[in-house]
>>> print(open('my_file_17.cif').read())   # mmCIF, C-alpha atoms
data_input
#
loop_
_atom_site.group_PDB
_atom_site.id
_atom_site.type_symbol
_atom_site.label_atom_id
_atom_site.label_comp_id
_atom_site.auth_asym_id
_atom_site.auth_seq_id
_atom_site.Cartn_x
_atom_site.Cartn_y
_atom_site.Cartn_z
ATOM 1 C CA MET G 29 -33.156 40.158 -0.535
ATOM 2 C CA ASN G 30 -29.758 38.561 0.128
ATOM 3 C CA THR G 31 -26.818 40.188 1.902
ATOM 4 C CA THR G 32 -25.201 41.346 -1.331
ATOM 5 C CA GLN G 33 -28.389 43.038 -2.519
ATOM 6 C CA THR G 34 -29.023 44.606 0.868
ATOM 7 C CA THR G 35 -25.464 45.946 1.027
ATOM 8 C CA VAL G 36 -25.605 47.500 -2.432
ATOM 9 C CA LYS G 37 -28.970 49.095 -1.612
ATOM 10 C CA MET G 38 -27.600 50.616 1.617
ATOM 11 C CA ILE G 39 -24.561 52.120 -0.080
ATOM 12 C CA PHE G 40 -26.569 53.504 -2.992
ATOM 13 C CA ASP G 41 -29.313 54.905 -0.758
ATOM 14 C CA ARG G 42 -26.603 56.908 0.981
ATOM 15 C CA TRP G 43 -24.850 57.932 -2.246
ATOM 16 C CA ASN G 44 -28.117 59.102 -3.803
ATOM 17 C CA SER G 45 -29.184 60.970 -0.706
ATOM 18 C CA LEU G 46 -25.840 62.788 -0.519
ATOM 19 C CA ASN G 47 -25.990 63.742 -4.188
ATOM 20 C CA LYS G 48 -29.530 65.030 -3.730
ATOM 21 C CA SER G 49 -28.459 67.168 -0.765
ATOM 22 C CA PHE G 50 -25.519 68.583 -2.678
ATOM 23 C CA ASP G 51 -27.719 69.359 -5.691
ATOM 24 C CA GLU G 52 -30.211 71.189 -3.504
ATOM 25 C CA ILE G 53 -27.482 73.415 -2.121
ATOM 26 C CA LEU G 54 -25.902 73.934 -5.555
ATOM 27 C CA ASN G 55 -29.248 74.953 -7.032
ATOM 28 C CA ALA G 56 -29.825 77.347 -4.143
ATOM 29 C CA VAL G 57 -26.552 79.260 -4.510
ATOM 30 C CA THR G 58 -25.911 81.824 -7.228
ATOM 31 C CA ASP G 59 -22.835 81.956 -9.465
ATOM 32 C CA GLN G 60 -21.799 84.978 -7.423
ATOM 33 C CA GLN G 61 -22.024 83.001 -4.167
ATOM 34 C CA LEU G 62 -19.889 80.265 -5.761
ATOM 35 C CA GLU G 63 -17.084 82.808 -6.069
ATOM 36 C CA LYS G 64 -17.047 83.239 -2.278
ATOM 37 C CA GLU G 65 -14.697 81.382 0.063
ATOM 38 C CA ILE G 66 -16.394 78.830 2.307
ATOM 39 C CA ALA G 67 -14.496 80.447 5.226
ATOM 40 C CA PRO G 68 -11.858 83.210 5.304
ATOM 41 C CA ASN G 69 -8.785 82.176 3.277
ATOM 42 C CA LYS G 70 -10.215 78.721 2.502
ATOM 43 C CA ASN G 71 -11.350 77.200 -0.799
ATOM 44 C CA ARG G 72 -13.978 78.946 -2.886
ATOM 45 C CA GLY G 73 -17.304 77.313 -3.753
ATOM 46 C CA ILE G 74 -16.375 77.187 -7.435
ATOM 47 C CA TYR G 75 -13.210 75.249 -6.611
ATOM 48 C CA LEU G 76 -15.129 72.694 -4.535
ATOM 49 C CA LEU G 77 -17.647 72.251 -7.343
ATOM 50 C CA GLY G 78 -14.898 71.704 -9.921
ATOM 51 C CA HIS G 79 -13.100 69.364 -7.514
ATOM 52 C CA LEU G 80 -16.225 67.225 -7.078
ATOM 53 C CA VAL G 81 -16.815 67.077 -10.845
ATOM 54 C CA ALA G 82 -13.206 65.949 -11.344
ATOM 55 C CA VAL G 83 -13.368 63.333 -8.557
ATOM 56 C CA HIS G 84 -16.642 61.891 -9.832
ATOM 57 C CA ASP G 85 -15.275 61.943 -13.391
ATOM 58 C CA ALA G 86 -12.298 59.873 -12.233
ATOM 59 C CA MET G 87 -14.729 57.213 -11.027
ATOM 60 C CA LEU G 88 -15.433 56.263 -14.662
ATOM 61 C CA PRO G 89 -12.045 54.612 -15.356
ATOM 62 C CA LEU G 90 -11.755 53.393 -11.754
ATOM 63 C CA LEU G 91 -15.054 51.512 -12.020
ATOM 64 C CA ASP G 92 -14.169 50.297 -15.525
ATOM 65 C CA PHE G 93 -16.931 52.365 -17.130
ATOM 66 C CA GLY G 94 -14.633 54.001 -19.686
ATOM 67 C CA ASP G 95 -12.495 57.093 -20.051
ATOM 68 C CA LYS G 96 -12.968 60.355 -18.166
ATOM 69 C CA LEU G 97 -15.358 62.819 -19.794
ATOM 70 C CA PHE G 98 -13.454 65.892 -18.602
ATOM 71 C CA PRO G 99 -9.757 65.048 -18.184
ATOM 72 C CA GLU G 100 -8.926 68.754 -18.500
ATOM 73 C CA LEU G 101 -10.408 69.331 -15.023
ATOM 74 C CA ALA G 102 -7.778 67.218 -13.265
ATOM 75 C CA ASP G 103 -5.055 69.852 -13.408
ATOM 76 C CA PRO G 104 -7.038 72.828 -12.021
ATOM 77 C CA PHE G 105 -9.162 70.879 -9.515
ATOM 78 C CA LEU G 106 -7.171 67.811 -8.424
ATOM 79 C CA THR G 107 -3.476 68.617 -8.655
ATOM 80 C CA SER G 108 -3.622 72.401 -8.129
ATOM 81 C CA PRO G 109 -4.886 74.165 -5.008
ATOM 82 C CA ASP G 110 -7.523 76.882 -5.273
ATOM 83 C CA LYS G 111 -6.438 80.317 -6.491
ATOM 84 C CA SER G 112 -3.298 78.947 -8.154
ATOM 85 C CA VAL G 113 -4.739 78.529 -11.666
ATOM 86 C CA ALA G 114 -5.865 81.522 -13.724
ATOM 87 C CA ASN G 115 -9.015 81.218 -15.837
ATOM 88 C CA LEU G 116 -10.968 78.441 -14.187
ATOM 89 C CA PRO G 117 -14.011 77.244 -16.138
ATOM 90 C CA ALA G 118 -17.131 79.364 -15.604
ATOM 91 C CA ALA G 119 -19.696 78.376 -12.976
ATOM 92 C CA LYS G 120 -22.293 77.676 -15.698
ATOM 93 C CA GLU G 121 -19.949 75.203 -17.391
ATOM 94 C CA LEU G 122 -19.127 73.406 -14.133
ATOM 95 C CA ARG G 123 -22.798 73.183 -13.197
ATOM 96 C CA GLU G 124 -23.499 71.509 -16.562
ATOM 97 C CA LYS G 125 -20.576 69.136 -16.168
ATOM 98 C CA TRP G 126 -21.727 68.186 -12.672
ATOM 99 C CA VAL G 127 -25.135 67.161 -14.035
ATOM 100 C CA LYS G 128 -23.533 65.358 -16.980
ATOM 101 C CA ILE G 129 -21.019 63.283 -15.032
ATOM 102 C CA ASN G 130 -23.622 62.171 -12.519
ATOM 103 C CA ASP G 131 -26.039 61.216 -15.317
ATOM 104 C CA ILE G 132 -23.370 59.093 -16.988
ATOM 105 C CA LEU G 133 -22.391 57.493 -13.687
ATOM 106 C CA ASN G 134 -26.027 56.657 -12.936
ATOM 107 C CA GLN G 135 -26.493 55.063 -16.366
ATOM 108 C CA ASN G 136 -23.476 52.866 -15.709
ATOM 109 C CA PHE G 137 -24.505 52.050 -12.131
ATOM 110 C CA ASP G 138 -27.847 50.762 -13.411
ATOM 111 C CA ARG G 139 -26.124 48.205 -15.616
ATOM 112 C CA LEU G 140 -24.234 46.473 -12.806
ATOM 113 C CA LYS G 141 -25.734 43.532 -10.930
ATOM 114 C CA PRO G 142 -25.279 43.587 -7.128
ATOM 115 C CA GLU G 143 -22.578 40.892 -7.149
ATOM 116 C CA GLN G 144 -20.547 42.831 -9.732
ATOM 117 C CA TRP G 145 -19.977 45.586 -7.151
ATOM 118 C CA PHE G 146 -17.806 43.097 -5.290
ATOM 119 C CA GLU G 147 -15.481 42.696 -8.261
ATOM 120 C CA ARG G 148 -12.139 44.498 -8.258
ATOM 121 C CA HIS G 149 -11.770 48.128 -9.243
ATOM 122 C CA THR G 150 -9.172 48.988 -11.880
ATOM 123 C CA ALA G 151 -6.539 50.385 -9.483
ATOM 124 C CA VAL G 152 -5.933 46.940 -7.966
ATOM 125 C CA SER G 153 -4.337 44.004 -9.772
ATOM 126 C CA ASP G 154 -5.933 40.558 -10.027
ATOM 127 C CA GLU G 155 -3.134 39.237 -7.842
ATOM 128 C CA ASP G 156 -3.579 41.778 -5.044
ATOM 129 C CA PHE G 157 -7.345 41.457 -5.213
ATOM 130 C CA ILE G 158 -7.154 37.809 -4.173
ATOM 131 C CA LYS G 159 -5.504 38.885 -0.918
ATOM 132 C CA GLU G 160 -7.529 42.104 -0.532
ATOM 133 C CA PRO G 161 -11.099 41.454 -1.713
ATOM 134 C CA HIS G 162 -12.320 44.654 -0.041
ATOM 135 C CA ARG G 163 -10.632 46.645 -2.811
ATOM 136 C CA ASN G 164 -13.740 46.273 -4.913
ATOM 137 C CA LYS G 165 -16.006 48.646 -6.828
ATOM 138 C CA LEU G 166 -18.392 49.088 -3.939
ATOM 139 C CA ASN G 167 -15.539 50.371 -1.805
ATOM 140 C CA ILE G 168 -15.083 53.187 -4.321
ATOM 141 C CA MET G 169 -18.721 54.141 -3.733
ATOM 142 C CA ILE G 170 -18.154 54.132 0.044
ATOM 143 C CA THR G 171 -15.050 56.324 -0.068
ATOM 144 C CA ARG G 172 -16.579 58.709 -2.612
ATOM 145 C CA SER G 173 -19.700 59.004 -0.452
ATOM 146 C CA THR G 174 -17.729 60.185 2.559
ATOM 147 C CA HIS G 175 -15.698 62.458 0.252
ATOM 148 C CA LEU G 176 -18.904 64.049 -1.021
ATOM 149 C CA ALA G 177 -20.256 64.371 2.539
ATOM 150 C CA TYR G 178 -17.028 66.077 3.665
ATOM 151 C CA HIS G 179 -17.247 68.750 0.976
ATOM 152 C CA THR G 180 -21.024 69.141 1.322
ATOM 153 C CA GLY G 181 -20.405 70.134 4.932
ATOM 154 C CA GLN G 182 -18.208 72.913 3.557
ATOM 155 C CA PHE G 183 -20.331 73.828 0.551
ATOM 156 C CA ILE G 184 -23.390 74.532 2.687
ATOM 157 C CA LEU G 185 -21.454 77.336 4.385
ATOM 158 C CA LEU G 186 -21.887 79.406 1.193
ATOM 159 C CA LYS G 187 -25.601 79.779 1.907
ATOM 160 C CA MET C 8 -13.444 36.129 3.191
ATOM 161 C CA ASN C 9 -17.137 36.011 2.297
ATOM 162 C CA THR C 10 -19.274 38.953 1.156
ATOM 163 C CA THR C 11 -20.562 39.679 4.652
ATOM 164 C CA GLN C 12 -17.053 39.810 6.105
ATOM 165 C CA THR C 13 -15.769 41.929 3.226
ATOM 166 C CA THR C 14 -18.643 44.369 3.604
ATOM 167 C CA VAL C 15 -18.154 44.809 7.336
ATOM 168 C CA LYS C 16 -14.422 45.339 6.814
ATOM 169 C CA MET C 17 -15.042 48.030 4.178
ATOM 170 C CA ILE C 18 -17.470 49.957 6.356
ATOM 171 C CA PHE C 19 -15.250 49.757 9.430
ATOM 172 C CA ASP C 20 -12.098 50.687 7.531
ATOM 173 C CA ARG C 21 -13.898 53.871 6.508
ATOM 174 C CA TRP C 22 -15.344 54.506 9.976
ATOM 175 C CA ASN C 23 -11.950 54.048 11.634
ATOM 176 C CA SER C 24 -10.182 56.208 9.107
ATOM 177 C CA LEU C 25 -12.690 59.038 9.564
ATOM 178 C CA ASN C 26 -12.405 58.856 13.332
ATOM 179 C CA LYS C 27 -8.620 58.951 13.082
ATOM 180 C CA SER C 28 -8.752 62.034 10.852
ATOM 181 C CA PHE C 29 -11.143 63.786 13.200
ATOM 182 C CA ASP C 30 -8.953 62.947 16.211
ATOM 183 C CA GLU C 31 -5.889 64.331 14.482
ATOM 184 C CA ILE C 32 -7.628 67.644 13.868
ATOM 185 C CA LEU C 33 -9.105 67.731 17.378
ATOM 186 C CA ASN C 34 -5.686 67.116 18.912
ATOM 187 C CA ALA C 35 -4.186 69.848 16.751
ATOM 188 C CA VAL C 36 -6.637 72.587 17.764
ATOM 189 C CA THR C 37 -6.503 74.387 21.099
ATOM 190 C CA ASP C 38 -9.463 74.953 23.420
ATOM 191 C CA GLN C 39 -9.316 78.573 22.320
ATOM 192 C CA GLN C 40 -9.620 77.582 18.654
ATOM 193 C CA LEU C 41 -12.614 75.419 19.555
ATOM 194 C CA GLU C 42 -14.432 78.582 20.664
ATOM 195 C CA LYS C 43 -14.133 79.994 17.133
ATOM 196 C CA GLU C 44 -16.861 79.736 14.498
ATOM 197 C CA ILE C 45 -16.021 77.467 11.558
ATOM 198 C CA ALA C 46 -17.115 80.345 9.277
ATOM 199 C CA PRO C 47 -18.650 83.752 10.068
ATOM 200 C CA ASN C 48 -21.974 83.326 11.904
ATOM 201 C CA LYS C 49 -21.861 79.518 11.659
ATOM 202 C CA ASN C 50 -21.452 76.862 14.357
ATOM 203 C CA ARG C 51 -18.493 76.991 16.704
ATOM 204 C CA GLY C 52 -15.979 74.172 16.955
ATOM 205 C CA ILE C 53 -17.060 73.384 20.505
ATOM 206 C CA TYR C 54 -20.641 72.923 19.353
ATOM 207 C CA LEU C 55 -19.601 70.528 16.581
ATOM 208 C CA LEU C 56 -17.520 68.522 19.044
ATOM 209 C CA GLY C 57 -20.411 68.260 21.515
ATOM 210 C CA HIS C 58 -22.771 67.404 18.650
ATOM 211 C CA LEU C 59 -20.543 64.543 17.515
ATOM 212 C CA VAL C 60 -20.204 63.199 21.078
ATOM 213 C CA ALA C 61 -24.014 63.273 21.423
ATOM 214 C CA VAL C 62 -24.616 61.595 18.040
ATOM 215 C CA HIS C 63 -22.070 58.849 18.727
ATOM 216 C CA ASP C 64 -23.511 58.391 22.234
ATOM 217 C CA ALA C 65 -26.966 57.853 20.712
ATOM 218 C CA MET C 66 -25.499 54.953 18.714
ATOM 219 C CA LEU C 67 -25.334 52.878 21.929
ATOM 220 C CA PRO C 68 -29.118 52.355 22.331
ATOM 221 C CA LEU C 69 -29.631 52.310 18.554
ATOM 222 C CA LEU C 70 -27.175 49.430 18.138
ATOM 223 C CA ASP C 71 -28.591 47.687 21.229
ATOM 224 C CA PHE C 72 -25.365 48.196 23.186
ATOM 225 C CA GLY C 73 -27.088 49.761 26.213
ATOM 226 C CA ASP C 74 -28.087 53.188 27.480
ATOM 227 C CA LYS C 75 -26.441 56.468 26.519
ATOM 228 C CA LEU C 76 -23.450 57.456 28.621
ATOM 229 C CA PHE C 77 -24.139 61.194 28.381
ATOM 230 C CA PRO C 78 -27.895 61.788 27.925
ATOM 231 C CA GLU C 79 -27.421 65.330 29.268
ATOM 232 C CA LEU C 80 -25.680 66.285 26.003
ATOM 233 C CA ALA C 81 -28.779 65.727 23.863
ATOM 234 C CA ASP C 82 -30.452 68.994 24.843
ATOM 235 C CA PRO C 83 -27.524 71.377 24.202
ATOM 236 C CA PHE C 84 -26.070 69.571 21.170
ATOM 237 C CA LEU C 85 -28.922 67.775 19.394
ATOM 238 C CA THR C 86 -32.140 69.680 20.017
ATOM 239 C CA SER C 87 -30.695 73.190 20.508
ATOM 240 C CA PRO C 88 -28.762 75.199 17.916
ATOM 241 C CA ASP C 89 -25.374 76.668 18.772
ATOM 242 C CA LYS C 90 -25.281 79.819 20.927
ATOM 243 C CA SER C 91 -28.785 79.207 22.300
ATOM 244 C CA VAL C 92 -27.727 77.408 25.495
ATOM 245 C CA ALA C 93 -25.746 79.168 28.223
ATOM 246 C CA ASN C 94 -23.009 77.260 30.008
ATOM 247 C CA LEU C 95 -22.030 74.530 27.585
ATOM 248 C CA PRO C 96 -19.667 71.894 29.005
ATOM 249 C CA ALA C 97 -15.989 72.904 28.911
ATOM 250 C CA ALA C 98 -13.783 71.846 26.003
ATOM 251 C CA LYS C 99 -11.711 69.614 28.308
ATOM 252 C CA GLU C 100 -14.834 67.720 29.395
ATOM 253 C CA LEU C 101 -16.059 67.256 25.818
ATOM 254 C CA ARG C 102 -12.637 66.051 24.684
ATOM 255 C CA GLU C 103 -12.691 63.412 27.450
ATOM 256 C CA LYS C 104 -16.244 62.364 26.571
ATOM 257 C CA TRP C 105 -15.314 62.047 22.899
ATOM 258 C CA VAL C 106 -12.519 59.609 23.785
ATOM 259 C CA LYS C 107 -14.765 57.747 26.208
ATOM 260 C CA ILE C 108 -17.748 57.230 23.896
ATOM 261 C CA ASN C 109 -15.546 56.021 21.065
ATOM 262 C CA ASP C 110 -13.736 53.598 23.394
ATOM 263 C CA ILE C 111 -17.035 52.126 24.563
ATOM 264 C CA LEU C 112 -18.341 51.900 20.995
ATOM 265 C CA ASN C 113 -15.167 50.126 19.879
ATOM 266 C CA GLN C 114 -15.426 47.618 22.735
ATOM 267 C CA ASN C 115 -18.971 46.823 21.651
ATOM 268 C CA PHE C 116 -18.108 46.688 17.947
ATOM 269 C CA ASP C 117 -15.467 44.064 18.682
ATOM 270 C CA ARG C 118 -18.061 41.741 20.194
ATOM 271 C CA LEU C 119 -20.286 41.559 17.114
ATOM 272 C CA LYS C 120 -19.778 38.903 14.450
ATOM 273 C CA PRO C 121 -20.002 40.124 10.835
ATOM 274 C CA GLU C 122 -23.445 38.602 10.268
ATOM 275 C CA GLN C 123 -24.825 40.347 13.370
ATOM 276 C CA TRP C 124 -24.315 43.701 11.659
ATOM 277 C CA PHE C 125 -27.094 42.692 9.286
ATOM 278 C CA GLU C 126 -29.564 42.322 12.157
ATOM 279 C CA ARG C 127 -32.101 45.074 12.797
ATOM 280 C CA HIS C 128 -31.269 48.212 14.742
ATOM 281 C CA THR C 129 -33.565 49.181 17.616
ATOM 282 C CA ALA C 130 -35.448 51.960 15.818
ATOM 283 C CA VAL C 131 -37.115 49.476 13.467
ATOM 284 C CA SER C 132 -39.690 46.854 14.502
ATOM 285 C CA ASP C 133 -39.361 43.134 13.762
ATOM 286 C CA GLU C 134 -42.334 43.463 11.427
ATOM 287 C CA ASP C 135 -40.938 46.370 9.394
ATOM 288 C CA PHE C 136 -37.502 44.769 9.281
ATOM 289 C CA ILE C 137 -38.871 41.805 7.321
ATOM 290 C CA LYS C 138 -39.887 44.211 4.548
ATOM 291 C CA GLU C 139 -36.892 46.545 4.953
ATOM 292 C CA PRO C 140 -33.805 44.437 5.725
ATOM 293 C CA HIS C 141 -31.507 47.348 4.914
ATOM 294 C CA ARG C 142 -32.551 48.986 8.201
ATOM 295 C CA ASN C 143 -29.839 47.034 9.964
ATOM 296 C CA LYS C 144 -27.009 47.900 12.334
ATOM 297 C CA LEU C 145 -24.474 48.273 9.557
ATOM 298 C CA ASN C 146 -26.623 50.971 7.972
ATOM 299 C CA ILE C 147 -26.233 52.989 11.175
ATOM 300 C CA MET C 148 -22.460 52.772 10.682
ATOM 301 C CA ILE C 149 -22.808 53.968 7.074
ATOM 302 C CA THR C 150 -24.991 56.967 7.907
ATOM 303 C CA ARG C 151 -22.879 57.912 10.929
ATOM 304 C CA SER C 152 -19.733 57.704 8.775
ATOM 305 C CA THR C 153 -21.050 60.245 6.292
ATOM 306 C CA HIS C 154 -22.300 62.369 9.207
ATOM 307 C CA LEU C 155 -18.811 62.382 10.707
ATOM 308 C CA ALA C 156 -17.258 63.174 7.301
ATOM 309 C CA TYR C 157 -19.670 66.106 6.827
ATOM 310 C CA HIS C 158 -18.685 67.717 10.116
ATOM 311 C CA THR C 159 -14.990 66.885 9.713
ATOM 312 C CA GLY C 160 -15.062 68.955 6.525
ATOM 313 C CA GLN C 161 -16.246 71.845 8.696
ATOM 314 C CA PHE C 162 -14.099 71.141 11.736
ATOM 315 C CA ILE C 163 -10.876 71.312 9.722
ATOM 316 C CA LEU C 164 -11.659 74.962 8.935
ATOM 317 C CA LEU C 165 -10.712 75.828 12.532
ATOM 318 C CA LYS C 166 -7.063 75.075 11.794
#
>>> encode(input="my_file_17.cif", output="structure tokens")
Amino acid sequence: MNTTQTTVKMIFDRWNSLNKSFDEILNAVTDQQLEKEIAPNKNRGIYLLGHLVAVHDAMLPLLDFGDKLFPELADPFLTSPDKSVANLPAAKELREKWVKINDILNQNFDRLKPEQWFERHTAVSDEDFIKEPHRNKLNIMITRSTHLAYHTGQFILLK
Amino acid sequence: MNTTQTTVKMIFDRWNSLNKSFDEILNAVTDQQLEKEIAPNKNRGIYLLGHLVAVHDAMLPLLDFGDKLFPELADPFLTSPDKSVANLPAAKELREKWVKINDILNQNFDRLKPEQWFERHTAVSDEDFIKEPHRNKLNIMITRSTHLAYHTGQFILLK
């Protein structure tokens, strides 16, 4: 195993482990619990779930895997704070979309060779990438892993 | 910049950014706020702070940087749940220890060359490391980054 392969394995071991932990919590909480705030006057579980679906969905174009599956989730869960949008999607729908987006991401992840993770992501130009080679696809996985960990620490408070 | 250098930069950019975020929250909350629970019947801020000091302290032996600075924090903040130990250290003391452990870690980090981060950490044997080269020092940084992110997501609820 060379350094590139080892690095990609480390990052994906962590990503997969975090997703598994989040799924275990999500499967353990009811739709009713999702309506609760994680702490008094803070975001509700349902908002965090929708937020994570929207953030993972945005990884598709960023990693050059194609268009978002659920662009309609950006407004309620990325640009708007919780409790500011009436008629959020139902918990059942968000649970299904969470499974769907992660399935599609995993299918795309499997197609990339280790060295391709060190290629640029789509938010950086070819020109800038020469000077800043750390702005690669693997870096997206690193930042989205800590993002998922951050919200998992909150989501578990619903239990 | 080769792949090894790029990888180490990515991981440390994330680590440093997470530490900065945590410090900003810690500096914004009072000792009185630290006594509060992050959510009803959950851990208190002071416990999370002590827990993070103890976990970062344990990185010293794990990364072969020497002995723990504060081994006395393991019992109250690693093996015992919150509210089970009387007489926890004062907030002021834990704040100072948090600064101290991260200073010492940073001094040690600066001494390692990028390729040394791919050497084994001390919890894995030479023999096992041949088969599992991902059990290296950089992997400790990855798992501790997501650990810090997880608790930062909780700690911010004190504000």
>>> atom_distance(input="my_file_17.cif", atom1="atom CA of Ser28 of chain C", atom2="atom CA of Val60 of chain C")
15.4 Å
>>> residues_near_point(input="my_file_17.cif", point="(-29.9, 75.3, 0.0)", cutoff="7 Å", atoms="only C-alpha atoms", output="NGL selection string")
:G and (52-54 or 56-57 or 187)
>>> closest_residue(input="my_file_17.cif", among="C:Leu85, C:Leu112, C:Met8, C:Ala65", to="chain G", atoms="all atoms listed in the file")
C:Met8
>>> residues_around(input="my_file_17.cif", residues="Phe183 of chain G", least_positions_apart="5", cutoff="8 Å", atoms="only C-alpha atoms", output="count of residues only")
4
>>> residues_around(input="my_file_17.cif", residues="segment 89-95 of chain C", least_positions_apart="4", cutoff="7 Å", atoms="all atoms listed in the file", output="short mmCIF file (atom, residue, chain, number, x, y, z; two decimals) with C-alpha atoms, keeping the file's coordinate frame")
data_model
loop_
_atom_site.label_atom_id
_atom_site.label_comp_id
_atom_site.auth_asym_id
_atom_site.auth_seq_id
_atom_site.Cartn_x
_atom_site.Cartn_y
_atom_site.Cartn_z
CA ASN C 50 -21.45 76.86 14.36
CA TYR C 54 -20.64 72.92 19.35
CA PRO C 83 -27.52 71.38 24.20
#
>>> closest_atom_pairs(input="my_file_17.cif", of="chain G", to="chain C", cutoff="8 Å", atoms="only C-alpha atoms", output="tab-separated table")
residue	atom	partner	partner_atom	distance
G:Met29	CA	C:Pro140	CA	7.6
G:Thr31	CA	C:Thr11	CA	6.9
G:Thr32	CA	C:Thr10	CA	6.9
G:Thr34	CA	C:His141	CA	5.5
G:Thr35	CA	C:His141	CA	7.3
G:Lys37	CA	C:His141	CA	7.2
G:Met38	CA	C:His141	CA	6.1
G:Ile39	CA	C:Ile149	CA	7.6
G:Arg42	CA	C:Thr150	CA	7.1
G:Ile66	CA	C:Ala46	CA	7.2
G:Ala67	CA	C:Ala46	CA	4.8
G:Pro68	CA	C:Ala46	CA	7.2
G:Lys70	CA	C:Leu164	CA	7.6
G:Phe146	CA	C:Thr10	CA	7.8
G:Pro161	CA	C:Thr13	CA	6.8
G:His162	CA	C:Thr13	CA	5.5
G:Asn167	CA	C:Met17	CA	6.4
G:Ile170	CA	C:Ile18	CA	7.6
G:Thr171	CA	C:Arg21	CA	7.1
G:Ser173	CA	C:Thr153	CA	7.0
G:Thr174	CA	C:Thr153	CA	5.0
G:His175	CA	C:Ala156	CA	7.3
G:Ala177	CA	C:Tyr157	CA	4.7
G:Tyr178	CA	C:Tyr157	CA	4.1
G:His179	CA	C:Gly160	CA	6.0
G:Thr180	CA	C:Tyr157	CA	6.4
G:Gly181	CA	C:Tyr157	CA	4.5
G:Gln182	CA	C:Gln161	CA	5.6
G:Leu185	CA	C:Ala46	CA	7.2
>>> build_atoms(input="my_file_17.cif", residues="segment 175-179 of chain G", atoms="all heavy atoms", output="CSV table (one decimal), in the coordinates of the input")
chain,number,residue,atom,x,y,z
G,175,HIS,N,-16.4,61.3,0.9
G,175,HIS,CA,-15.7,62.5,0.3
G,175,HIS,C,-16.7,63.5,-0.1
G,175,HIS,O,-16.5,64.7,0.2
G,175,HIS,CB,-15.0,62.0,-1.0
G,175,HIS,CG,-14.3,63.1,-1.7
G,175,HIS,ND1,-14.9,63.7,-2.8
G,175,HIS,CD2,-13.1,63.8,-1.5
G,175,HIS,CE1,-14.0,64.7,-3.3
G,175,HIS,NE2,-13.0,64.7,-2.5
G,176,LEU,N,-17.8,63.1,-0.7
G,176,LEU,CA,-18.9,64.0,-1.0
G,176,LEU,C,-19.5,64.7,0.2
G,176,LEU,O,-19.8,65.9,0.3
G,176,LEU,CB,-20.0,63.3,-1.8
G,176,LEU,CG,-21.2,64.1,-2.2
G,176,LEU,CD1,-20.8,65.4,-3.0
G,176,LEU,CD2,-22.2,63.3,-3.0
G,177,ALA,N,-19.7,63.9,1.3
G,177,ALA,CA,-20.3,64.4,2.5
G,177,ALA,C,-19.3,65.4,3.1
G,177,ALA,O,-19.8,66.5,3.6
G,177,ALA,CB,-20.5,63.2,3.5
G,178,TYR,N,-18.0,65.2,3.1
G,178,TYR,CA,-17.0,66.1,3.7
G,178,TYR,C,-17.1,67.5,3.0
G,178,TYR,O,-17.2,68.5,3.7
G,178,TYR,CB,-15.7,65.5,3.4
G,178,TYR,CG,-14.4,66.2,3.9
G,178,TYR,CD1,-13.9,65.9,5.1
G,178,TYR,CD2,-13.8,67.2,3.1
G,178,TYR,CE1,-12.7,66.6,5.6
G,178,TYR,CE2,-12.7,67.8,3.5
G,178,TYR,CZ,-12.1,67.5,4.8
G,178,TYR,OH,-11.0,68.2,5.2
G,179,HIS,N,-17.2,67.5,1.7
G,179,HIS,CA,-17.2,68.8,1.0
G,179,HIS,C,-18.6,69.4,1.0
G,179,HIS,O,-18.8,70.6,0.9
G,179,HIS,CB,-16.7,68.6,-0.5
G,179,HIS,CG,-15.3,68.4,-0.5
G,179,HIS,ND1,-14.3,69.2,0.1
G,179,HIS,CD2,-14.5,67.3,-1.0
G,179,HIS,CE1,-13.1,68.8,-0.1
G,179,HIS,NE2,-13.2,67.6,-0.8
